[in-house]
Amino acid sequence: MVKNRMQIGDWGMRSVGTMFVVLLMWSGSLFSQEVKISARTDSLHYRIGDWVQLTVEAKLPATVETIAPVVKDSIGPFEILRVEAQEIGSAEDGHRRVWNFKLTTFDSGKAYIPPVDFAYRLKGDSTQRIARSNSLILDIGSVAVDAQGDIRDIKLPFDAPWRFEDYLPYLIALAALALAGLGYYYWRKKRKQRDDEFAVLKPQIPPHQQALYELRELEDKKLWQQGKVKEYYSEVTEIIRRFFEGRWRIIALELTSDEILQQMKAFADAQKVWREMQSFFTTADLVKFAKYHPTPEEHEKELRWAYEIVRAMEPRVQVTKEEIEYAG
């Protein structure tokens with residue numbers, strides 16, 4: 001009986017050991033997916049108005065598909081002047097990405113740089129996750145003032161009286177502007193009448209064909225290759241917004257990106273490219289409102305997402321049973 005108890009005890013110890021190994025392997029797989037982000041500055045002491053170089057480095061596992069900072073125009077008391085992104089390493093065993101933030105502040109004393117949030121997604125997973133950097137405390141010194149210097153009052157300018165000759169040029173300019181505005185009004189009125197007369201003859205182009213044509217024109221412009229990154233993202237998002245208005249009759253040009261995505265949930269065709277739409281609008285908003293500088297690969301991916309969105313929502317031609325029998 002004692003022997004049986006010892007055997008049972010040995011079996012229990014082996015089971016506990018096996019469970020410990022499995023738990024250790026599972027926790028290791030979780031930590032392998034972790035995104036590690038660290039922030040640093042080139043100094044801890046600055047003067048008011050100096051540029052603060054904030055470098056944020058992210059160590060990314062190979063499973064991370066996209067990552068971008070979630071910032072607007074400032075980080076704490078610091079105004080963002082510029083953001084530059086740089087990718088280092090290969091995708092085989094993970095890679096690193098570095099963001100260089102140019103900051104400035106006009107408040108003296110101890111300045112706190114809060115953690116910077118980064119939104120990222122894993123491959124094959126549409127869930128948006130958040131990783132944060134560490135915080136920093138900097139010492140911002142004020143500009144020294146020489147109290148023994150020569151300080152003088154500002155003299156007010158001499159106020160001379162106005163005469164009619166002084167008003168005459170302004171009166172002539174005002175009359176010219178009034179005549180120009182009146183002429184422009186009548187010209188617009190005549191042009192509108194002419195456009196209304198020929199509006200019936202204008203062919204109606206399907207929204208998806210118009211969008212594809214405009215995307216090809218945008219691709220030929222090569223805006224981001226010329227450094228016009230913000231214009232490039234503004235045009236590509238406006239093309240997609242106009243396509244949504246023509247295809248689904250929603251006022252997409254007057255809605256925010258989140259409001260557009262909320263309305264698009266009602267359409268089955270939108271579910272086919274839901275991840276592409278989220279990434280498309282998120283990247284564009286970061287560029288337009290957060291001064292984010294994407295990589296060339298992200299520029300090309302933004303246009304490819306636009307093509308996929310339009311083609312996925314292209315109306316399908318309905319073929320009737322009689323037409324099939326006739327064609328057969």
# chains A, B, ... in the order shown; residues from 1 in each chain; ligands from 1

$ residues_around --residues "Pro115 in chain A" --least-positions-apart "4" --cutoff "10 Å" --atoms "only C-alpha atoms" --output "count of residues only"
11

$ residues_around --residues "Asp107 in chain A" --least-positions-apart "6" --cutoff "8 Å" --atoms "only C-alpha atoms" --output "PyMOL selection string"
chain A and resi 48+77+140

$ write_last_selection --atoms "N, CA and C atoms" --output "short mmCIF file (atom, residue, chain, number, x, y, z; two decimals), in the first residue's frame"
data_model
loop_
_atom_site.label_atom_id
_atom_site.label_comp_id
_atom_site.auth_asym_id
_atom_site.auth_seq_id
_atom_site.Cartn_x
_atom_site.Cartn_y
_atom_site.Cartn_z
N ILE A 48 14.37 77.34 -23.47
CA ILE A 48 13.07 77.62 -24.10
C ILE A 48 13.28 77.87 -25.59
N PRO A 77 3.34 69.07 -22.88
CA PRO A 77 3.54 70.50 -23.13
C PRO A 77 4.40 70.79 -24.35
N ILE A 140 13.85 72.48 -18.58
CA ILE A 140 13.79 73.56 -19.57
C ILE A 140 14.17 74.87 -18.88
#

$ select_by_dssp --residues "range 51-271 of chain A" --states "alpha helix (DSSP H)" --output "count of residues only"
82

$ residues_around --residues "range 271-285 of chain A" --least-positions-apart "6" --cutoff "6 Å" --atoms "only C-alpha atoms" --output "VMD selection string"
chain A and resid 233 302 305

$ write_last_selection --atoms "N, CA and C atoms" --output "short mmCIF file (atom, residue, chain, number, x, y, z; two decimals), in the first residue's frame"
data_model
loop_
_atom_site.label_atom_id
_atom_site.label_comp_id
_atom_site.auth_asym_id
_atom_site.auth_seq_id
_atom_site.Cartn_x
_atom_site.Cartn_y
_atom_site.Cartn_z
N TYR A 233 -2.16 62.04 -49.84
CA TYR A 233 -3.16 61.38 -49.00
C TYR A 233 -4.49 62.12 -49.01
N GLU A 302 -1.19 52.34 -49.54
CA GLU A 302 -2.38 53.20 -49.42
C GLU A 302 -3.15 53.23 -50.75
N TRP A 305 -4.81 49.79 -51.39
CA TRP A 305 -6.03 49.65 -50.60
C TRP A 305 -7.19 50.37 -51.28
#

$ closest_residue --among "A:His208, A:His293, A:Arg191, A:Lys36" --to "His95 in chain A" --atoms "only C-alpha atoms"
A:Lys36

$ select_by_dssp --residues "range 58-271 of chain A" --states "strand (DSSP E)" --output "MDAnalysis selection string"
chainID A and resid 58:60 64:69 74:75 78:88 95:104 109:113 117:122 129:132 136:141

$ write_last_selection --atoms "C-alpha atoms" --output "PDB file, in the first residue's frame"
ATOM      1  CA  ALA A  58      10.120  49.844 -31.212  1.00  0.00           C
ATOM      2  CA  LYS A  59      11.367  46.247 -31.183  1.00  0.00           C
ATOM      3  CA  LEU A  60       8.785  44.374 -33.238  1.00  0.00           C
ATOM      4  CA  VAL A  64       3.438  42.686 -36.409  1.00  0.00           C
ATOM      5  CA  GLU A  65       1.943  43.896 -39.705  1.00  0.00           C
ATOM      6  CA  THR A  66       1.440  47.645 -39.105  1.00  0.00           C
ATOM      7  CA  ILE A  67       2.335  50.101 -36.340  1.00  0.00           C
ATOM      8  CA  ALA A  68       1.986  53.885 -36.100  1.00  0.00           C
ATOM      9  CA  PRO A  69       2.090  56.540 -33.353  1.00  0.00           C
ATOM     10  CA  SER A  74       1.567  67.836 -29.303  1.00  0.00           C
ATOM     11  CA  ILE A  75       2.976  65.471 -26.680  1.00  0.00           C
ATOM     12  CA  PHE A  78       5.685  69.913 -26.239  1.00  0.00           C
ATOM     13  CA  GLU A  79       4.554  70.923 -29.739  1.00  0.00           C
ATOM     14  CA  ILE A  80       5.355  68.443 -32.529  1.00  0.00           C
ATOM     15  CA  LEU A  81       7.287  70.074 -35.373  1.00  0.00           C
ATOM     16  CA  ARG A  82       8.078  66.981 -37.436  1.00  0.00           C
ATOM     17  CA  VAL A  83       7.901  63.157 -37.304  1.00  0.00           C
ATOM     18  CA  GLU A  84      10.180  60.848 -39.315  1.00  0.00           C
ATOM     19  CA  ALA A  85       9.975  57.034 -39.397  1.00  0.00           C
ATOM     20  CA  GLN A  86      12.776  54.597 -40.159  1.00  0.00           C
ATOM     21  CA  GLU A  87      12.695  50.785 -40.342  1.00  0.00           C
ATOM     22  CA  ILE A  88      15.778  48.749 -39.396  1.00  0.00           C
ATOM     23  CA  HIS A  95      12.720  44.088 -36.866  1.00  0.00           C
ATOM     24  CA  ARG A  96      13.072  47.531 -35.330  1.00  0.00           C
ATOM     25  CA  ARG A  97      11.399  50.784 -36.255  1.00  0.00           C
ATOM     26  CA  VAL A  98      12.571  54.211 -35.106  1.00  0.00           C
ATOM     27  CA  TRP A  99      10.571  57.457 -34.994  1.00  0.00           C
ATOM     28  CA  ASN A 100      12.341  60.802 -34.627  1.00  0.00           C
ATOM     29  CA  PHE A 101      10.114  63.519 -33.140  1.00  0.00           C
ATOM     30  CA  LYS A 102      11.172  67.166 -33.371  1.00  0.00           C
ATOM     31  CA  LEU A 103       9.626  68.903 -30.338  1.00  0.00           C
ATOM     32  CA  THR A 104       9.710  72.373 -28.824  1.00  0.00           C
ATOM     33  CA  GLY A 109      10.987  74.401 -15.445  1.00  0.00           C
ATOM     34  CA  LYS A 110      10.522  70.654 -15.198  1.00  0.00           C
ATOM     35  CA  ALA A 111       8.761  69.378 -18.348  1.00  0.00           C
ATOM     36  CA  TYR A 112       7.123  65.946 -18.437  1.00  0.00           C
ATOM     37  CA  ILE A 113       7.020  63.963 -21.679  1.00  0.00           C
ATOM     38  CA  ASP A 117       0.817  55.525 -27.597  1.00  0.00           C
ATOM     39  CA  PHE A 118       1.379  53.330 -30.658  1.00  0.00           C
ATOM     40  CA  ALA A 119      -1.426  51.427 -32.420  1.00  0.00           C
ATOM     41  CA  TYR A 120      -0.442  48.144 -34.075  1.00  0.00           C
ATOM     42  CA  ARG A 121      -2.022  45.059 -35.633  1.00  0.00           C
ATOM     43  CA  LEU A 122      -0.766  41.492 -35.942  1.00  0.00           C
ATOM     44  CA  ARG A 129      -3.657  46.895 -29.989  1.00  0.00           C
ATOM     45  CA  ILE A 130      -1.879  49.657 -28.061  1.00  0.00           C
ATOM     46  CA  ALA A 131       1.746  49.766 -26.860  1.00  0.00           C
ATOM     47  CA  ARG A 132       3.270  52.655 -24.900  1.00  0.00           C
ATOM     48  CA  LEU A 136      10.741  61.316 -19.569  1.00  0.00           C
ATOM     49  CA  ILE A 137      11.364  64.417 -17.444  1.00  0.00           C
ATOM     50  CA  LEU A 138      13.408  67.276 -18.926  1.00  0.00           C
ATOM     51  CA  ASP A 139      14.779  70.501 -17.460  1.00  0.00           C
ATOM     52  CA  ILE A 140      13.789  73.560 -19.571  1.00  0.00           C
ATOM     53  CA  GLY A 141      15.767  76.678 -18.686  1.00  0.00           C
TER      54      GLY A 141
END

$ closest_residue --among "A:Asp220, A:Gly246, A:Arg241, A:Ala306" --to "Leu261 in chain A" --atoms "only C-alpha atoms"
A:Arg241

$ atom_distance --atom1 "CA of Thr256 in chain A" --atom2 "CA of Val116 in chain A"
23.4 Å

$ closest_residue --among "A:Asp269, A:Asp73, A:Glu219, A:Glu231" --to "Lys291 in chain A" --atoms "only C-alpha atoms"
A:Asp73

$ decode --residues "range 100-128 of chain A" --atoms "C-alpha atoms" --output "CSV table (one decimal), in the first residue's frame"
chain,number,residue,atom,x,y,z
A,100,ASN,CA,12.3,60.8,-34.6
A,101,PHE,CA,10.1,63.5,-33.1
A,102,LYS,CA,11.2,67.2,-33.4
A,103,LEU,CA,9.6,68.9,-30.3
A,104,THR,CA,9.7,72.4,-28.8
A,105,THR,CA,8.2,74.1,-25.8
A,106,PHE,CA,8.0,77.6,-24.4
A,107,ASP,CA,7.4,76.8,-20.7
A,108,SER,CA,10.4,76.7,-18.4
A,109,GLY,CA,11.0,74.4,-15.4
A,110,LYS,CA,10.5,70.7,-15.2
A,111,ALA,CA,8.8,69.4,-18.3
A,112,TYR,CA,7.1,65.9,-18.4
A,113,ILE,CA,7.0,64.0,-21.7
A,114,PRO,CA,4.2,61.4,-21.2
A,115,PRO,CA,4.2,57.9,-22.7
A,116,VAL,CA,3.6,57.9,-26.5
A,117,ASP,CA,0.8,55.5,-27.6
A,118,PHE,CA,1.4,53.3,-30.7
A,119,ALA,CA,-1.4,51.4,-32.4
A,120,TYR,CA,-0.4,48.1,-34.1
A,121,ARG,CA,-2.0,45.1,-35.6
A,122,LEU,CA,-0.8,41.5,-35.9
A,123,LYS,CA,-0.8,39.6,-39.2
A,124,GLY,CA,-4.2,37.9,-39.7
A,125,ASP,CA,-5.8,39.8,-36.9
A,126,SER,CA,-7.9,42.9,-37.3
A,127,THR,CA,-7.8,43.8,-33.6
A,128,GLN,CA,-6.1,47.1,-32.9
